[in-house]
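Novice: Got a file for you: target18.csv, CSV, C-alpha atoms.
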chain,number,residue,atom,x,y,z
A,1,MET,CA,71.0,128.7,-15.4
A,2,ASN,CA,71.3,125.9,-12.8
A,3,LYS,CA,73.0,128.2,-10.4
A,4,ASN,CA,70.2,130.8,-10.7
A,5,LEU,CA,67.6,128.1,-10.2
A,6,PHE,CA,69.4,126.9,-7.2
A,7,ILE,CA,69.6,130.4,-5.7
A,8,LEU,CA,65.9,130.8,-6.4
A,9,ILE,CA,65.0,127.5,-4.7
A,10,LEU,CA,67.2,128.4,-1.7
A,11,LEU,CA,65.6,131.8,-1.3
A,12,PHE,CA,62.1,130.3,-1.6
A,13,SER,CA,63.0,127.7,1.1
A,14,ILE,CA,64.3,130.4,3.5
A,15,THR,CA,61.2,132.5,2.9
A,16,ALA,CA,58.9,129.5,3.5
A,17,GLN,CA,60.8,128.8,6.7
A,18,LEU,CA,60.5,132.3,7.9
A,19,LYS,CA,56.7,132.3,7.2
A,20,SER,CA,56.3,129.1,9.0
A,21,GLN,CA,57.6,130.9,12.2
A,22,ASP,CA,54.8,133.5,11.9
A,23,PHE,CA,52.4,132.8,14.7
A,24,PHE,CA,49.2,134.8,14.7
A,25,LYS,CA,46.5,132.7,16.5
A,26,ILE,CA,46.3,130.5,19.5
A,27,LYS,CA,43.5,128.7,21.3
A,28,GLY,CA,43.2,126.0,23.9
A,29,ASP,CA,41.5,124.7,27.0
A,30,PHE,CA,42.3,125.7,30.5
A,31,THR,CA,41.7,124.5,34.0
A,32,ILE,CA,42.5,126.7,37.0
A,33,LYS,CA,42.6,125.4,40.5
A,34,SER,CA,43.1,127.8,43.4
A,35,LYS,CA,43.2,127.7,47.2
A,36,SER,CA,43.3,130.6,49.6
A,37,ASP,CA,42.7,130.0,53.3
A,38,SER,CA,39.9,127.5,53.3
A,39,ILE,CA,38.2,128.6,50.1
A,40,SER,CA,39.0,126.8,46.8
A,41,GLY,CA,38.2,127.7,43.3
A,42,LEU,CA,37.8,125.7,40.0
A,43,THR,CA,37.4,127.4,36.6
A,44,ILE,CA,37.3,125.4,33.4
A,45,GLY,CA,37.0,126.7,29.8
A,46,SER,CA,38.7,127.7,26.6
A,47,PHE,CA,40.7,130.6,25.4
A,48,TYR,CA,41.1,132.3,22.1
A,49,TYR,CA,43.6,134.9,21.0
A,50,ASP,CA,44.3,136.4,17.6
A,51,ASN,CA,47.4,138.6,17.3
A,52,THR,CA,45.8,140.8,14.7
A,53,LYS,CA,42.5,141.4,16.5
A,54,LYS,CA,44.2,141.6,19.9
A,55,LYS,CA,41.1,140.4,21.8
A,56,ILE,CA,41.3,137.6,24.4
A,57,ILE,CA,38.2,135.5,24.6
A,58,TYR,CA,37.6,133.2,27.6
A,59,ASN,CA,34.7,130.8,27.0
A,60,ILE,CA,34.1,129.6,30.5
A,61,SER,CA,32.0,126.4,31.2
A,62,PHE,CA,32.5,126.0,34.9
A,63,PRO,CA,31.4,127.3,37.5
A,64,PHE,CA,28.9,128.9,35.1
A,65,PRO,CA,28.8,129.4,31.4
A,66,GLU,CA,30.2,132.8,30.7
A,67,VAL,CA,32.1,134.6,28.0
A,68,TRP,CA,34.7,137.1,29.0
A,69,ILE,CA,36.1,139.4,26.3
A,70,PHE,CA,39.3,141.4,26.9
A,71,SER,CA,39.1,144.0,24.2
A,72,ASP,CA,41.5,146.9,24.2
A,73,THR,CA,40.6,148.8,27.4
A,74,THR,CA,37.3,147.1,28.2
A,75,ILE,CA,36.4,143.7,29.7
A,76,TYR,CA,32.9,142.4,28.7
A,77,HIS,CA,31.2,139.7,30.7
A,78,PHE,CA,28.4,137.8,29.0
A,79,LYS,CA,26.1,135.3,30.5
A,80,GLY,CA,23.9,133.7,27.8
A,81,ASP,CA,22.7,136.5,25.6
A,82,SER,CA,23.1,139.2,28.1
A,83,LEU,CA,26.0,141.6,28.7
A,84,ILE,CA,26.1,141.5,32.5
A,85,LYS,CA,29.1,143.6,33.2
A,86,LYS,CA,31.5,145.9,31.5
A,87,GLU,CA,34.6,147.3,33.1
A,88,SER,CA,37.5,149.4,32.1
A,89,THR,CA,41.0,148.1,32.3
A,90,PRO,CA,44.5,149.1,31.2
A,91,SER,CA,45.1,147.8,27.8
A,92,LEU,CA,46.6,144.4,28.7
A,93,ASN,CA,46.3,142.1,25.8
A,94,GLU,CA,49.6,142.8,24.3
A,95,PHE,CA,51.2,141.7,27.5
A,96,SER,CA,49.2,138.6,28.0
A,97,ILE,CA,51.0,135.2,28.0
A,98,PHE,CA,49.3,134.5,24.6
A,99,HIS,CA,50.5,137.6,22.9
A,100,LEU,CA,54.0,137.3,24.4
A,101,ALA,CA,54.2,133.6,23.3
A,102,LEU,CA,53.0,134.3,19.7
A,103,ASN,CA,55.5,137.2,19.4
A,104,ASN,CA,58.4,135.3,21.0
A,105,HIS,CA,58.7,137.6,24.0
A,106,LEU,CA,57.7,135.1,26.6
A,107,THR,CA,61.2,134.5,27.7
A,108,ASN,CA,61.6,137.9,29.2
A,109,TYR,CA,57.9,138.2,30.2
A,110,GLY,CA,57.7,141.5,28.2
A,111,LEU,CA,59.9,143.2,30.8
A,112,GLU,CA,62.4,144.4,28.2
A,113,ASN,CA,59.8,146.8,26.9
A,114,SER,CA,58.7,148.0,30.3
A,115,LEU,CA,59.7,150.7,32.8
A,116,TYR,CA,62.1,148.2,34.5
A,117,ASN,CA,65.8,148.1,34.0
A,118,ILE,CA,68.1,145.2,34.0
A,119,GLU,CA,70.1,145.3,37.2
A,120,GLU,CA,72.1,142.2,36.9
A,121,VAL,CA,72.3,138.9,35.0
A,122,GLY,CA,73.9,135.7,36.3
A,123,LYS,CA,73.9,131.9,36.0
A,124,GLU,CA,73.1,129.5,38.8
A,125,GLY,CA,73.1,125.9,37.8
A,126,ASP,CA,70.9,125.5,34.7
A,127,MET,CA,69.1,128.9,35.3
A,128,VAL,CA,70.0,132.2,33.9
A,129,ILE,CA,68.7,134.7,36.4
A,130,THR,CA,68.0,138.3,35.5
A,131,THR,CA,67.1,140.9,38.1
A,132,TYR,CA,65.1,143.9,37.0
A,133,SER,CA,64.8,147.0,39.1
A,134,PRO,CA,62.2,149.8,38.9
A,135,PRO,CA,62.9,153.3,37.8
A,136,GLU,CA,64.6,155.2,40.7
A,137,VAL,CA,61.6,157.6,41.0
A,138,MET,CA,59.4,154.6,41.9
A,139,ASN,CA,61.8,152.6,44.0
A,140,THR,CA,60.0,153.5,47.3
A,141,LEU,CA,56.8,152.0,45.9
A,142,LEU,CA,57.9,149.2,43.6
A,143,GLY,CA,60.2,146.3,44.2
A,144,LYS,CA,62.5,144.3,42.0
A,145,VAL,CA,61.4,141.5,39.6
A,146,VAL,CA,63.6,138.4,39.4
A,147,LEU,CA,63.3,136.3,36.3
A,148,SER,CA,64.8,132.9,35.5
A,149,ALA,CA,65.2,131.0,32.3
A,150,LYS,CA,66.1,127.4,31.6
A,151,LYS,CA,67.2,126.3,28.2
A,152,LYS,CA,66.0,129.7,26.8
A,153,ARG,CA,62.5,129.2,28.2
A,154,LEU,CA,61.0,131.3,30.9
A,155,TYR,CA,61.1,129.2,34.0
A,156,GLY,CA,60.0,131.5,36.8
A,157,ILE,CA,59.3,135.1,37.8
A,158,VAL,CA,59.3,136.5,41.3
A,159,PHE,CA,57.9,139.9,42.3
A,160,LEU,CA,59.5,141.5,45.3
A,161,ASP,CA,58.3,144.3,47.5
A,162,THR,CA,60.6,147.2,48.4
A,163,GLU,CA,62.0,145.2,51.3
A,164,GLU,CA,62.8,142.4,49.0
A,165,GLU,CA,60.1,140.1,50.4
A,166,ILE,CA,58.3,137.9,47.9
A,167,LEU,CA,54.9,139.1,46.9
A,168,ARG,CA,54.3,136.5,44.2
A,169,LYS,CA,56.0,133.9,42.2
A,170,GLN,CA,55.1,132.1,39.0
A,171,ILE,CA,56.6,129.0,37.7
A,172,PHE,CA,56.2,127.9,34.1
A,173,LYS,CA,56.4,124.2,33.4
A,174,GLU,CA,55.6,121.4,30.9
A,175,TYR,CA,56.5,123.3,27.8
A,176,HIS,CA,55.3,121.8,24.5
A,177,ASN,CA,56.2,122.8,21.0
A,178,PHE,CA,53.3,123.5,18.7
A,179,ASN,CA,54.8,123.8,15.1
A,180,GLY,CA,57.7,125.8,16.5
A,181,LEU,CA,55.8,127.8,19.1
A,182,GLU,CA,56.7,126.9,22.7
A,183,PHE,CA,54.0,127.3,25.3
A,184,PRO,CA,53.8,126.2,28.9
A,185,GLY,CA,51.3,123.5,29.8
A,186,GLU,CA,51.3,124.4,33.4
A,187,ILE,CA,51.7,127.6,35.4
A,188,ILE,CA,52.0,127.6,39.2
A,189,ASP,CA,51.2,130.8,41.0
A,190,ILE,CA,52.0,131.5,44.6
A,191,PHE,CA,50.8,134.7,46.3
A,192,TYR,CA,52.0,135.9,49.7
A,193,THR,CA,49.7,138.4,51.4
A,194,GLY,CA,49.0,139.7,54.8
A,195,ASP,CA,51.1,142.0,57.0
A,196,GLN,CA,53.9,139.5,57.5
A,197,LYS,CA,53.3,137.7,54.2
A,198,GLU,CA,51.9,134.9,56.3
A,199,LYS,CA,48.9,134.1,54.0
A,200,THR,CA,49.6,132.0,51.0
A,201,THR,CA,47.4,131.4,48.0
A,202,TYR,CA,48.1,128.8,45.4
A,203,GLN,CA,46.9,128.7,41.9
A,204,LYS,CA,47.6,126.1,39.2
A,205,THR,CA,46.7,126.7,35.6
A,206,ILE,CA,46.8,123.8,33.1
A,207,TYR,CA,46.6,124.5,29.4
A,208,THR,CA,45.7,121.7,27.0
A,209,ASN,CA,44.6,121.1,23.5
A,210,ILE,CA,46.6,124.1,22.2
A,211,LEU,CA,46.1,124.9,18.6
A,212,VAL,CA,48.2,127.5,16.8
A,213,ASN,CA,47.2,129.3,13.6
A,214,GLU,CA,44.0,127.5,13.3
A,215,THR,CA,42.0,128.5,10.2
A,216,ASP,CA,38.9,126.4,10.6
A,217,ASP,CA,36.9,128.0,13.3
A,218,ASN,CA,37.2,131.8,13.4
A,219,ARG,CA,34.0,132.7,15.4
A,220,PHE,CA,35.5,133.2,18.8
A,221,TYR,CA,38.7,134.9,17.8
A,222,ASP,CA,36.9,138.0,16.8
A,223,PHE,CA,33.9,137.9,19.1
A,224,LYS,CA,31.4,140.5,17.9
A,225,LEU,CA,30.3,143.0,20.5
A,226,PRO,CA,27.7,143.5,21.8
A,227,ALA,CA,24.7,142.6,19.7
A,228,GLU,CA,25.8,139.8,17.4
A,229,TYR,CA,26.9,137.3,20.0
A,230,SER,CA,23.7,135.4,20.6
A,231,ASN,CA,24.7,132.3,18.7
A,232,LEU,CA,28.3,132.3,19.9
A,233,ILE,CA,27.9,131.6,23.6
A,234,SER,CA,29.3,128.3,25.2
A,235,LYS,CA,28.3,125.1,23.5
B,1,MET,CA,100.7,142.8,42.0
B,2,PHE,CA,99.4,140.2,39.7
B,3,LYS,CA,98.7,137.8,42.6
B,4,LYS,CA,96.7,140.6,44.4
B,5,LEU,CA,94.6,141.1,41.3
B,6,LEU,CA,94.1,137.4,40.9
B,7,LEU,CA,93.0,137.2,44.6
B,8,LEU,CA,90.7,140.1,44.2
B,9,PHE,CA,89.1,138.5,41.1
B,10,ALA,CA,88.7,135.2,42.9
B,11,VAL,CA,87.0,136.9,45.9
B,12,SER,CA,84.7,138.9,43.6
B,13,LEU,CA,83.8,135.7,41.8
B,14,PHE,CA,83.0,134.0,45.1
B,15,PHE,CA,80.7,136.7,46.3
B,16,THR,CA,79.0,137.0,42.9
B,17,SER,CA,78.3,133.2,42.9
B,18,SER,CA,77.0,133.4,46.5
B,19,SER,CA,74.6,136.1,45.7
B,20,PHE,CA,73.2,134.2,42.8
B,21,ALA,CA,72.9,131.1,44.9
B,22,ASP,CA,70.5,133.2,47.0
B,23,LYS,CA,68.5,134.3,44.0
B,24,SER,CA,67.9,130.8,42.7
B,25,ASP,CA,66.3,130.1,46.1
B,26,PHE,CA,63.5,132.4,45.0
B,27,PHE,CA,62.4,129.8,42.6
B,28,HIS,CA,62.1,127.0,45.0
B,29,PHE,CA,58.6,125.8,45.8
B,30,ASP,CA,57.0,122.9,47.5
B,31,GLU,CA,55.1,121.2,44.7
B,32,ILE,CA,53.9,118.4,46.9
B,33,GLU,CA,52.4,120.9,49.3
B,34,ILE,CA,50.7,122.7,46.5
B,35,ASN,CA,49.3,119.6,45.0
B,36,ALA,CA,48.1,118.5,48.4
B,37,GLN,CA,46.3,121.8,48.9
B,38,LEU,CA,44.6,121.6,45.5
B,39,SER,CA,43.8,117.9,45.6
B,40,GLN,CA,40.4,118.6,47.1
B,41,LEU,CA,39.4,119.9,43.6
B,42,ASP,CA,40.5,116.8,41.7
B,43,GLN,CA,37.2,115.0,42.3
B,44,LEU,CA,35.2,118.0,41.3
B,45,GLU,CA,37.3,118.5,38.2
B,46,ASP,CA,36.8,114.8,37.2
B,47,TYR,CA,33.1,115.2,37.8
B,48,VAL,CA,32.7,118.4,35.8
B,49,LYS,CA,34.7,117.0,32.9
B,50,ALA,CA,32.7,113.8,32.9
B,51,HIS,CA,29.4,115.8,32.9
B,52,LYS,CA,29.9,118.3,30.2
B,53,GLY,CA,28.0,121.6,30.7
B,54,VAL,CA,27.2,121.0,34.3
B,55,THR,CA,27.2,124.2,36.4
B,56,TYR,CA,28.2,124.9,40.0
B,57,ASP,CA,24.6,125.0,41.2
B,58,GLU,CA,23.8,121.7,39.5
B,59,VAL,CA,26.8,120.0,41.1
B,60,LYS,CA,25.7,121.4,44.5
B,61,LEU,CA,22.3,120.0,44.0
B,62,MET,CA,23.5,116.5,43.0
B,63,ASN,CA,26.6,116.2,45.1
B,64,ALA,CA,27.1,119.1,47.6
B,65,ASP,CA,30.2,117.6,49.1
B,66,LEU,CA,32.1,118.2,45.9
B,67,VAL,CA,31.6,122.0,46.1
B,68,ALA,CA,32.0,122.3,49.9
B,69,ASN,CA,34.3,125.3,50.4
B,70,VAL,CA,34.5,125.9,46.7
B,71,SER,CA,33.8,129.4,45.4
B,72,ARG,CA,31.0,130.1,43.0
B,73,SER,CA,33.1,132.7,41.2
B,74,SER,CA,35.4,132.0,38.3
B,75,ALA,CA,39.1,132.7,38.8
B,76,VAL,CA,39.4,134.7,35.7
B,77,MET,CA,39.1,138.1,37.2
B,78,ASP,CA,37.2,137.8,40.4
B,79,SER,CA,40.2,137.3,42.6
B,80,GLU,CA,41.2,138.8,45.9
B,81,VAL,CA,44.9,138.3,45.1
B,82,VAL,CA,47.2,140.1,42.8
B,83,GLY,CA,47.1,137.5,40.2
B,84,GLY,CA,45.7,139.4,37.4
B,85,PRO,CA,43.3,137.9,35.0
B,86,LEU,CA,43.8,134.5,33.7
B,87,GLY,CA,46.7,134.3,31.3
B,88,ILE,CA,47.6,137.9,31.9
B,89,PRO,CA,50.5,138.4,34.2
B,90,ALA,CA,49.9,140.7,37.1
B,91,PHE,CA,53.0,142.5,35.9
B,92,VAL,CA,51.0,143.5,32.8
B,93,TRP,CA,49.3,146.2,34.8
B,94,GLY,CA,52.6,148.0,35.0
B,95,CYS,CA,54.3,147.1,31.8
B,96,LEU,CA,52.0,148.9,29.5
B,97,PHE,CA,50.2,151.3,31.7
B,98,GLY,CA,53.4,152.7,33.2
B,99,VAL,CA,53.3,154.1,36.7
B,100,PHE,CA,49.6,153.7,37.2
B,101,GLY,CA,49.6,150.0,36.2
B,102,LEU,CA,52.4,149.2,38.6
B,103,LEU,CA,50.6,151.1,41.3
B,104,ILE,CA,47.6,148.9,40.9
B,105,VAL,CA,49.6,145.8,41.4
B,106,TYR,CA,51.4,146.9,44.5
B,107,LEU,CA,48.4,148.7,46.0
B,108,PHE,CA,46.6,145.4,46.2
B,109,SER,CA,49.5,143.6,47.7
B,110,MET,CA,50.6,145.9,50.5
B,111,ASP,CA,48.9,146.9,53.7
B,112,ASP,CA,47.4,150.4,53.9
B,113,LYS,CA,50.2,152.0,56.0
B,114,HIS,CA,52.9,150.7,53.7
B,115,THR,CA,51.1,151.8,50.6
B,116,GLU,CA,50.5,155.3,52.0
B,117,ARG,CA,54.2,155.7,52.8
B,118,ALA,CA,55.3,154.3,49.6
B,119,LEU,CA,53.0,156.4,47.5
B,120,LEU,CA,54.1,159.5,49.5
B,121,GLY,CA,57.7,158.7,48.8
B,122,CYS,CA,57.0,158.2,45.2
B,123,PHE,CA,55.2,161.4,44.7
B,124,ILE,CA,57.8,163.4,46.7
B,125,ASN,CA,60.5,162.0,44.4
B,126,LEU,CA,58.4,162.9,41.3
B,127,ALA,CA,57.7,166.4,42.7
B,128,PHE,CA,61.5,167.0,43.2
B,129,ILE,CA,62.3,165.8,39.7
B,130,ILE,CA,59.6,168.0,38.2
B,131,ALA,CA,60.7,171.0,40.2
B,132,PHE,CA,64.4,170.5,39.3
B,133,THR,CA,63.6,170.0,35.6
B,134,LEU,CA,61.5,173.1,35.6
B,135,ALA,CA,64.2,175.2,37.4
B,136,ALA,CA,66.8,173.9,35.0
B,137,THR,CA,64.7,174.7,32.0
B,138,LEU,CA,64.0,178.2,33.3
B,139,GLN,CA,67.7,178.7,34.0
B,140,ILE,CA,68.7,177.6,30.5
B,141,GLY,CA,65.9,179.8,29.0
B,142,SER,CA,67.2,182.9,30.8
B,143,LEU,CA,70.8,182.5,29.4
Output the structure of this file as structure tokens.

Specialist:
Amino acid sequence: MNKNLFILILLFSITAQLKSQDFFKIKGDFTIKSKSDSISGLTIGSFYYDNTKKKIIYNISFPFPEVWIFSDTTIYHFKGDSLIKKESTPSLNEFSIFHLALNNHLTNYGLENSLYNIEEVGKEGDMVITTYSPPEVMNTLLGKVVLSAKKKRLYGIVFLDTEEEILRKQIFKEYHNFNGLEFPGEIIDIFYTGDQKEKTTYQKTIYTNILVNETDDNRFYDFKLPAEYSNLISK
Amino acid sequence: MFKKLLLLFAVSLFFTSSSFADKSDFFHFDEIEINAQLSQLDQLEDYVKAHKGVTYDEVKLMNADLVANVSRSSAVMDSEVVGGPLGIPAFVWGCLFGVFGLLIVYLFSMDDKHTERALLGCFINLAFIIAFTLAATLQIGSL
């Protein structure tokens, strides 16, 4: 009897532990600063993502109050009560940083489920570096992607062109643990454009006040489109 | 024989290490330079966070210097660079949408001549594969 009770308690504990690793919602605040040539940009707001609804909501407060909803294959832009723009997009949400993080795929950036193939893996100092190459049929158009991880966390990703020049790099920093979910607090983006890649654009995204699996406020996670939104725009 | 194998192994190891030393260089970046470039926005950021709900136009009215050379557009989607929307990696365009998504990313990042050549190469390759597959299928079908 005691042995059966012990097994039952053990199974319950394991199940409880597994359930606690089930992340389905994330929200937080963001600040993006960017600089390209002589023009800078500042965007401040909040984001919401529900793994079951698969909508990304950006509630922007600066430069102007706007709500952007990335829903399946459409992006909706709202200003106040008005839908000001609607545009088609590839279905991106399952490959957003939010979805990848909630589903524990952030370490490989979702590349393992993509067209790309692992070309080589190696270790350099504290980094594990994986090089992904495009399918052969596309190697005249697409370059390789080089990904690095430190302590099993995504550290950086570099996109190369077909001549192995850097097009873009992203660095993921300041990871914090939110009840078992690891999420970067800072992402640095560097873009190289121009004929000789002489033009550089910098972008820094800071994420703060991250909440995971919040149950209190569900309004923004499943933003209703398009008519029922009037009372849900930026506070 | 064993010594030769050992030497070959050591040489291979050396070259492997060297090539990865190069790849780690990809992840170097000048954080001081980046922070210096973005430091112009620090004051604006502080001001906006201290005045909750203030808009770009209101800041311009009250303190135009803070928004000098600052875009009126949000960075979420309205970007000239291949950054992709906020929080969504540019690579996303290719990951889920296959060939067409990847094309979107690279088209934006390459000059016209390069894009044209690359696209042509890609389509020629595809055409060969389709033709070869078709021929092979017909050949098998006729057996």

Novice: With a distance threshold of 6 Å and counting only C-alpha atoms, extract the residues of chain A near chain B and express them as a list in words.

Specialist: Ile39, Ser40, Gly41, Thr43, Phe62, Pro63, Phe64, Phe95, Ser96, Ile97, Ser114, Val137, Met138, Thr140 and Leu141 of chain A

Novice: Save the residues we just selected, C-alpha atoms, as a short mmCIF file (atom, residue, chain, number, x, y, z; two decimals), keeping the file's coordinate frame?

Specialist:
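What landed in out-v2.cif:
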data_model
loop_
_atom_site.label_atom_id
_atom_site.label_comp_id
_atom_site.auth_asym_id
_atom_site.auth_seq_id
_atom_site.Cartn_x
_atom_site.Cartn_y
_atom_site.Cartn_z
CA ILE A 39 38.20 128.60 50.10
CA SER A 40 39.00 126.80 46.80
CA GLY A 41 38.20 127.70 43.30
CA THR A 43 37.40 127.40 36.60
CA PHE A 62 32.50 126.00 34.90
CA PRO A 63 31.40 127.30 37.50
CA PHE A 64 28.90 128.90 35.10
CA PHE A 95 51.20 141.70 27.50
CA SER A 96 49.20 138.60 28.00
CA ILE A 97 51.00 135.20 28.00
CA SER A 114 58.70 148.00 30.30
CA VAL A 137 61.60 157.60 41.00
CA MET A 138 59.40 154.60 41.90
CA THR A 140 60.00 153.50 47.30
CA LEU A 141 56.80 152.00 45.90
#

Novice: Report as a PDB file with C-alpha atoms, in the frame of the given file all protein, DNA and RNA residues lying within 9 Å of A:Ile166, evaluated on all atoms listed in the file, omitting residues in the same chain fewer than 4 positions from it.

Specialist:
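After the write, result.pdb holds the following:
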ATOM      1  CA  VAL A 158      59.300 136.500  41.300  1.00  0.00           C
ATOM      2  CA  PHE A 159      57.900 139.900  42.300  1.00  0.00           C
ATOM      3  CA  LEU A 160      59.500 141.500  45.300  1.00  0.00           C
ATOM      4  CA  ASP A 161      58.300 144.300  47.500  1.00  0.00           C
ATOM      5  CA  PHE A 191      50.800 134.700  46.300  1.00  0.00           C
ATOM      6  CA  TYR A 192      52.000 135.900  49.700  1.00  0.00           C
ATOM      7  CA  LYS A 197      53.300 137.700  54.200  1.00  0.00           C
TER       8      LYS A 197
ATOM      9  CA  PHE B  26      63.500 132.400  45.000  1.00  0.00           C
TER      10      PHE B  26
END

Novice: Calculate how many Å separate atom CA of A:His105 from atom CA of A:Lys33, rounding to one decimal.

Specialist: 26.1 Å

Novice: Give me, please, the distance in Å between atom CA of A:Ser34 and atom CA of A:Asp189, quoted to one decimal.

Specialist: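 Result for atom CA of A:Ser34 versus atom CA of A:Asp189: 9.0 Å, one decimal.
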
Novice: Hey, what's within 9 Å of A:Ile118 if we count only C-alpha atoms and toss same-chain stuff fewer than 4 positions away? As a VMD selection string, please?

Specialist: chain A and resid 112 130 to 134

Novice: List the spatial neighbours of A:Asn103 as a PyMOL selection string - criterion: any atom at most 9 Å away, all atoms listed in the file, same-chain residues fewer than 6 positions off excluded.

Specialist: chain A and resi 22-24+51

Novice: Do you know which residues are at most 7 Å from stretch 168-176 of chain A counting only C-alpha atoms, after dropping those on the same chain fewer than 4 positions away, and could you put them as a list in words?

Specialist: Leu154, Tyr155, Gly156, Ile157, Val158, Phe159, Glu182, Phe183, Pro184, Gly185, Glu186, Ile187, Ile188, Asp189, Ile190, Phe191 and Tyr192 of chain A

Novice: Could you please take those selected residues and save C-alpha atoms as a PDB file, in the frame of the given file?

Specialist:
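Writing done, so here's part_4.pdb:
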ATOM      1  CA  LEU A 154      61.000 131.300  30.900  1.00  0.00           C
ATOM      2  CA  TYR A 155      61.100 129.200  34.000  1.00  0.00           C
ATOM      3  CA  GLY A 156      60.000 131.500  36.800  1.00  0.00           C
ATOM      4  CA  ILE A 157      59.300 135.100  37.800  1.00  0.00           C
ATOM      5  CA  VAL A 158      59.300 136.500  41.300  1.00  0.00           C
ATOM      6  CA  PHE A 159      57.900 139.900  42.300  1.00  0.00           C
ATOM      7  CA  GLU A 182      56.700 126.900  22.700  1.00  0.00           C
ATOM      8  CA  PHE A 183      54.000 127.300  25.300  1.00  0.00           C
ATOM      9  CA  PRO A 184      53.800 126.200  28.900  1.00  0.00           C
ATOM     10  CA  GLY A 185      51.300 123.500  29.800  1.00  0.00           C
ATOM     11  CA  GLU A 186      51.300 124.400  33.400  1.00  0.00           C
ATOM     12  CA  ILE A 187      51.700 127.600  35.400  1.00  0.00           C
ATOM     13  CA  ILE A 188      52.000 127.600  39.200  1.00  0.00           C
ATOM     14  CA  ASP A 189      51.200 130.800  41.000  1.00  0.00           C
ATOM     15  CA  ILE A 190      52.000 131.500  44.600  1.00  0.00           C
ATOM     16  CA  PHE A 191      50.800 134.700  46.300  1.00  0.00           C
ATOM     17  CA  TYR A 192      52.000 135.900  49.700  1.00  0.00           C
TER      18      TYR A 192
END
